[in-house]
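> Attaching a single structure in structure tokens format; questions to follow.
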Amino acid sequence: MTNKKSLYGLENWVKIIDENASKNVVKSFIATKIDLKDKREVSKEEAKEFCDKYTANKEIFITSSKTGQNVKEAFLSIAKEIIDANLQKCNECGEFFSRELKKCSFCGKKIELIV
């Protein structure tokens with residue numbers, strides 16, 4: 001939030017991710033230093049607009065490492081997105097396994113993939 005140049009530098013990182021990562025990659029933006037209001041160069045609206053342009057989830061987390069504000073929420077949300085994008089739950093044994101598999105890697109039950 002305190003460095004506009006840093007925000008726009010993310011465009012290159014997003015391009016690299018899009019060119020090299022799997023289709024199930026989770027992209028989330030975490031803006032930091034919300035506690036430094038007097039040094040802010042990027043508005044919440046500007047950060048949100050950037051996030052809407054480059055991510056599917058359209059959610060930006062505005063955090064403070066100093067105070068811990070929204071840090072836990074950001075990581076819990078990202079973890080849930082990763083699980084939802086890449087894993088499925090077996091109805092037989094309840095374990096999670098890769099969406100790419102046709103049977104549970106724990107109990108062996110054949111699974112109809114739910115998309």
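Residues are referred to by chain and number: the chain letter is A, B, ... according to the order shown in the structure tokens, the number counts from 1 in that chain, and ligands are numbered separately from 1 in the order shown.
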Give me the residues near Lys5 of chain A as a list in words, where near means some atom within 12 Å (using only C-alpha atoms) and where sequence neighbours in that chain fewer than 5 positions away do not count.
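In the requested form, the answer reads Leu10, Glu11, Asn12, Glu41 and Val42 of chain A.
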> Quick one: residues within 9 Å of segment 57-69 of chain A, only C-alpha atoms counted, chain neighbours fewer than 5 positions away excluded, as a PyMOL selection string?
chain A and resi 1+26-36+44+47-49+51-52+74+81
> Just the strand (DSSP E or B) stuff from segment 1-111 of chain A, please, per backbone DSSP, written as a PyMOL selection string.
chain A and resi 29-31+60-62+87-89+96-98+103+110
> Could you please determine the separation between atom CA of Asp18 of chain A and atom CA of Lys53 of chain A in Å, to one decimal place?
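For atom CA of Asp18 of chain A relative to atom CA of Lys53 of chain A, the distance reads 13.2 Å.
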> Running DSSP on the backbone, which parts of segment 15-113 of chain A land in alpha helix (DSSP H), as a ChimeraX atom specification?
/A:15-20,44-54,71-86
> Take the residues that were just selected and, keeping C-alpha atoms, output them as an mmCIF file, in the first residue's frame.

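Contents of part.cif, as written:
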```cif
data_model
loop_
_atom_site.group_PDB
_atom_site.id
_atom_site.type_symbol
_atom_site.label_atom_id
_atom_site.label_comp_id
_atom_site.auth_asym_id
_atom_site.auth_seq_id
_atom_site.Cartn_x
_atom_site.Cartn_y
_atom_site.Cartn_z
ATOM 1 C CA LYS A 15 2.493 -12.872 -16.675
ATOM 2 C CA ILE A 16 5.245 -15.292 -15.590
ATOM 3 C CA ILE A 17 2.779 -17.265 -13.461
ATOM 4 C CA ASP A 18 0.246 -17.451 -16.291
ATOM 5 C CA GLU A 19 2.894 -18.688 -18.730
ATOM 6 C CA ASN A 20 4.460 -21.292 -16.438
ATOM 7 C CA LYS A 44 -7.788 0.423 -1.589
ATOM 8 C CA GLU A 45 -9.819 1.033 -4.742
ATOM 9 C CA GLU A 46 -6.699 1.022 -6.932
ATOM 10 C CA ALA A 47 -5.474 -2.207 -5.357
ATOM 11 C CA LYS A 48 -8.906 -3.814 -5.799
ATOM 12 C CA GLU A 49 -9.042 -2.754 -9.458
ATOM 13 C CA PHE A 50 -5.641 -4.348 -10.060
ATOM 14 C CA CYS A 51 -6.745 -7.519 -8.286
ATOM 15 C CA ASP A 52 -9.970 -7.725 -10.318
ATOM 16 C CA LYS A 53 -7.936 -7.526 -13.520
ATOM 17 C CA TYR A 54 -5.470 -10.292 -12.655
ATOM 18 C CA VAL A 71 -2.950 -11.915 8.026
ATOM 19 C CA LYS A 72 -4.634 -15.057 9.380
ATOM 20 C CA GLU A 73 -7.743 -14.479 7.254
ATOM 21 C CA ALA A 74 -5.625 -14.096 4.107
ATOM 22 C CA PHE A 75 -3.741 -17.346 4.581
ATOM 23 C CA LEU A 76 -6.835 -19.338 5.574
ATOM 24 C CA SER A 77 -8.649 -18.113 2.470
ATOM 25 C CA ILE A 78 -5.719 -18.955 0.193
ATOM 26 C CA ALA A 79 -5.387 -22.429 1.733
ATOM 27 C CA LYS A 80 -9.095 -23.080 1.146
ATOM 28 C CA GLU A 81 -8.785 -21.941 -2.476
ATOM 29 C CA ILE A 82 -5.848 -24.297 -3.048
ATOM 30 C CA ILE A 83 -7.762 -27.229 -1.581
ATOM 31 C CA ASP A 84 -10.910 -26.435 -3.565
ATOM 32 C CA ALA A 85 -8.974 -26.047 -6.822
ATOM 33 C CA ASN A 86 -6.820 -29.161 -6.521
#
```
> Which residues are close to segment 101-106 of chain A, i.e. within 12 Å by only C-alpha atoms, leaving aside same-chain residues fewer than 2 positions away? Reply as a PyMOL selection string.
chain A and resi 86-99+108-114
> Have a look at atom CA of Lys23 of chain A and atom CA of Thr55 of chain A and let me know their distance in Å, one decimal.
12.6 Å
